[in-house]
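Undergrad: To start, I am sharing the structure in question, which I have written as structure tokens.
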Amino acid sequence: MHELAITQNVLNIVLDHAGKAQATKISKIYLVIGELSSIVDESVQFYWEIIAKDTLAEQAELVFRRISASFECSDCHTVYQLDGNAVYCPACGSSRVKILSGEEFYIEAIDVET
């Protein structure tokens, strides 16, 4: 259900930027979502179709780009990507890891018509 609030925030942001650009229509919105975020593309799309109705973004296409999770071991400094559900370092087995990517969620770009 948190996708509703997230989707509302995305709509507010794109409408604000479209207004500043004096756009007449928002045609595409490019969203970047990290693998570790709990955001579900289909839920965002579902809510989008409801809340964007009767706005400049009503017909906008949402384009999702997923970012893989990557980690750095704090002990041996190996950088690696998530393999299954285990976050242990594949080189030394340490559980002391730092997340480098995968938690992202942001609007990368907006296509508008003026």
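The chains in the structure tokens are called A, B, ... from first to last as shown; in each chain the residues are counted from 1, and the ligands are counted from 1 in the order shown.
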Per DSSP on the backbone, filter chain A down to the residues in helix (DSSP H, G or I) and report them as JSON, numbers by chain.
TA: {"A": [2, 3, 4, 5, 6, 7, 8, 9, 10, 11, 12, 13, 14, 15, 16, 17, 18, 19, 20, 41, 42, 43, 44, 45, 46, 47, 48, 49, 50, 51]}
Undergrad: Those same residues, written as a short mmCIF file (atom, residue, chain, number, x, y, z; two decimals), in the first residue's frame with N, CA and C atoms?
TA:
```cif
data_model
loop_
_atom_site.label_atom_id
_atom_site.label_comp_id
_atom_site.auth_asym_id
_atom_site.auth_seq_id
_atom_site.Cartn_x
_atom_site.Cartn_y
_atom_site.Cartn_z
N HIS A 2 2.12 1.17 0.42
CA HIS A 2 2.96 2.38 0.44
C HIS A 2 3.22 2.91 -0.96
N GLU A 3 2.97 2.09 -1.99
CA GLU A 3 3.15 2.56 -3.35
C GLU A 3 2.19 3.71 -3.69
N LEU A 4 1.04 3.75 -3.03
CA LEU A 4 0.10 4.86 -3.28
C LEU A 4 0.74 6.18 -2.90
N ALA A 5 1.32 6.27 -1.72
CA ALA A 5 1.97 7.51 -1.28
C ALA A 5 3.16 7.84 -2.16
N ILE A 6 3.93 6.85 -2.52
CA ILE A 6 5.09 7.06 -3.40
C ILE A 6 4.64 7.57 -4.76
N THR A 7 3.60 6.94 -5.30
CA THR A 7 3.09 7.35 -6.62
C THR A 7 2.52 8.77 -6.57
N GLN A 8 1.87 9.12 -5.48
CA GLN A 8 1.34 10.48 -5.32
C GLN A 8 2.49 11.49 -5.30
N ASN A 9 3.57 11.14 -4.61
CA ASN A 9 4.73 12.03 -4.59
C ASN A 9 5.34 12.20 -5.97
N VAL A 10 5.43 11.11 -6.72
CA VAL A 10 5.94 11.20 -8.10
C VAL A 10 5.05 12.12 -8.92
N LEU A 11 3.75 11.95 -8.81
CA LEU A 11 2.83 12.81 -9.55
C LEU A 11 3.01 14.28 -9.17
N ASN A 12 3.11 14.56 -7.89
CA ASN A 12 3.30 15.94 -7.44
C ASN A 12 4.58 16.54 -8.02
N ILE A 13 5.65 15.77 -8.01
CA ILE A 13 6.93 16.26 -8.53
C ILE A 13 6.86 16.53 -10.02
N VAL A 14 6.31 15.57 -10.79
CA VAL A 14 6.29 15.77 -12.24
C VAL A 14 5.33 16.89 -12.63
N LEU A 15 4.23 17.04 -11.92
CA LEU A 15 3.32 18.15 -12.22
C LEU A 15 3.97 19.49 -11.91
N ASP A 16 4.72 19.54 -10.83
CA ASP A 16 5.44 20.76 -10.47
C ASP A 16 6.44 21.14 -11.56
N HIS A 17 7.24 20.17 -11.99
CA HIS A 17 8.24 20.44 -13.03
C HIS A 17 7.59 20.76 -14.38
N ALA A 18 6.51 20.08 -14.69
CA ALA A 18 5.81 20.35 -15.95
C ALA A 18 5.22 21.76 -15.93
N GLY A 19 4.71 22.17 -14.78
CA GLY A 19 4.17 23.52 -14.65
C GLY A 19 5.25 24.57 -14.86
N LYS A 20 6.43 24.34 -14.28
CA LYS A 20 7.54 25.29 -14.44
C LYS A 20 8.01 25.37 -15.88
N ASP A 41 6.71 -2.38 -9.28
CA ASP A 41 6.38 -1.65 -10.50
C ASP A 41 4.89 -1.69 -10.82
N GLU A 42 4.31 -2.87 -10.75
CA GLU A 42 2.91 -3.05 -11.11
C GLU A 42 1.98 -2.25 -10.19
N SER A 43 2.34 -2.14 -8.92
CA SER A 43 1.52 -1.36 -7.99
C SER A 43 1.60 0.12 -8.31
N VAL A 44 2.81 0.60 -8.61
CA VAL A 44 2.97 2.00 -8.99
C VAL A 44 2.14 2.29 -10.24
N GLN A 45 2.21 1.39 -11.22
CA GLN A 45 1.45 1.57 -12.46
C GLN A 45 -0.06 1.59 -12.17
N PHE A 46 -0.51 0.69 -11.33
CA PHE A 46 -1.93 0.62 -10.97
C PHE A 46 -2.41 1.93 -10.35
N TYR A 47 -1.67 2.41 -9.35
CA TYR A 47 -2.07 3.66 -8.68
C TYR A 47 -1.94 4.85 -9.62
N TRP A 48 -0.94 4.82 -10.49
CA TRP A 48 -0.74 5.91 -11.43
C TRP A 48 -1.99 6.13 -12.28
N GLU A 49 -2.52 5.04 -12.78
CA GLU A 49 -3.69 5.15 -13.66
C GLU A 49 -4.89 5.76 -12.93
N ILE A 50 -4.95 5.63 -11.64
CA ILE A 50 -6.04 6.20 -10.85
C ILE A 50 -5.78 7.67 -10.51
N ILE A 51 -4.60 7.96 -9.96
CA ILE A 51 -4.37 9.32 -9.45
C ILE A 51 -3.97 10.33 -10.52
#
```
Undergrad: Determine, counting only C-alpha atoms, which protein, DNA and RNA residues have an atom within 10 Å of an atom of stretch 84-93 of chain A; residues of the same chain fewer than 5 positions away are not included. Present the result as a VMD selection string.
TA: chain A and resid 69 to 79 98 to 99
Undergrad: Based on the selection just made, write C-alpha atoms of those residues as a compact mmCIF listing (two decimals), in the first residue's frame.
TA:
```
# COMPACT_ATOMS: atom_id res chain seq x y z
CA ALA A 69 22.01 -4.55 -5.55
CA SER A 70 25.76 -4.39 -5.01
CA PHE A 71 27.77 -4.64 -1.82
CA GLU A 72 31.28 -4.06 -0.55
CA CYS A 73 32.74 -6.28 2.14
CA SER A 74 33.99 -4.22 5.08
CA ASP A 75 36.65 -6.84 5.86
CA CYS A 76 38.25 -7.73 2.51
CA HIS A 77 36.77 -4.91 0.35
CA THR A 78 35.42 -7.27 -2.29
CA VAL A 79 32.64 -5.65 -4.34
CA LYS A 98 28.10 -2.01 2.98
CA ILE A 99 25.34 -1.48 0.43
```
Undergrad: I need the residues of stretch 5-89 of chain A that end up classed as strand (DSSP E) by DSSP on the backbone, written out as a list in words.
TA: Lys25, Ile26, Ser27, Lys28, Ile29, Tyr30, Leu31, Val32, Ile33, Gly34, Glu61, Leu62, Val63, Phe64, Arg65, Arg66, Ile67, Ser70, Phe71, Glu72, Cys73, Val79, Tyr80 and Gln81 of chain A
Undergrad: Do you know which residues are at most 12 Å from stretch 21-31 of chain A counting only C-alpha atoms, after dropping those on the same chain fewer than 5 positions away, and could you put them as JSON, numbers by chain?
TA: {"A": [6, 7, 10, 11, 13, 14, 15, 16, 39, 40, 41, 44, 45, 48, 52, 54, 55, 56, 57, 58, 59, 60, 61, 62, 63, 64, 65, 66, 67, 104, 105, 106, 107, 108, 109, 110, 111, 112, 113, 114]}
Undergrad: Write the residues of the selection above to a file with C-alpha atoms, as a compact mmCIF listing (two decimals), in the first residue's frame.
TA:
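Listed below is the output, selection23.txt:
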```txt
# COMPACT_ATOMS: atom_id res chain seq x y z
CA ILE A 6 5.09 7.06 -3.40
CA THR A 7 3.09 7.35 -6.62
CA VAL A 10 5.94 11.20 -8.10
CA LEU A 11 2.83 12.81 -9.55
CA ILE A 13 6.93 16.26 -8.53
CA VAL A 14 6.29 15.77 -12.24
CA LEU A 15 3.32 18.15 -12.22
CA ASP A 16 5.44 20.76 -10.47
CA ILE A 39 8.59 -0.80 -4.51
CA VAL A 40 6.56 -2.95 -6.92
CA ASP A 41 6.38 -1.65 -10.50
CA VAL A 44 2.97 2.00 -8.99
CA GLN A 45 1.45 1.57 -12.46
CA TRP A 48 -0.74 5.91 -11.43
CA ALA A 52 -3.06 10.81 -12.72
CA ASP A 54 -7.58 14.42 -15.31
CA THR A 55 -4.02 15.80 -14.99
CA LEU A 56 -1.31 16.67 -17.52
CA ALA A 57 0.16 13.25 -16.76
CA GLU A 58 -2.97 11.20 -17.44
CA GLN A 59 -1.57 9.56 -20.58
CA ALA A 60 2.05 9.45 -19.40
CA GLU A 61 3.95 6.22 -19.85
CA LEU A 62 5.91 5.08 -16.81
CA VAL A 63 9.28 3.62 -17.76
CA PHE A 64 10.91 1.57 -15.01
CA ARG A 65 14.65 0.90 -14.78
CA ARG A 66 15.83 -1.48 -12.08
CA ILE A 67 19.23 -1.10 -10.39
CA GLU A 104 17.52 3.85 -5.13
CA PHE A 105 14.20 5.34 -6.05
CA TYR A 106 14.08 8.52 -8.08
CA ILE A 107 12.71 10.20 -11.16
CA GLU A 108 15.44 10.09 -13.78
CA ALA A 109 13.73 12.14 -16.48
CA ILE A 110 10.40 13.50 -17.64
CA ASP A 111 9.32 13.94 -21.27
CA VAL A 112 6.87 16.81 -21.73
CA GLU A 113 5.16 18.57 -24.60
CA THR A 114 4.94 22.36 -24.65
```
Undergrad: Please report the interatomic distance between atom CA of A:Asp83 and atom CA of A:Leu36 in Å with one decimal.
TA: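 Straight-line distance from atom CA of A:Asp83 to atom CA of A:Leu36 works out to 12.5 Å.
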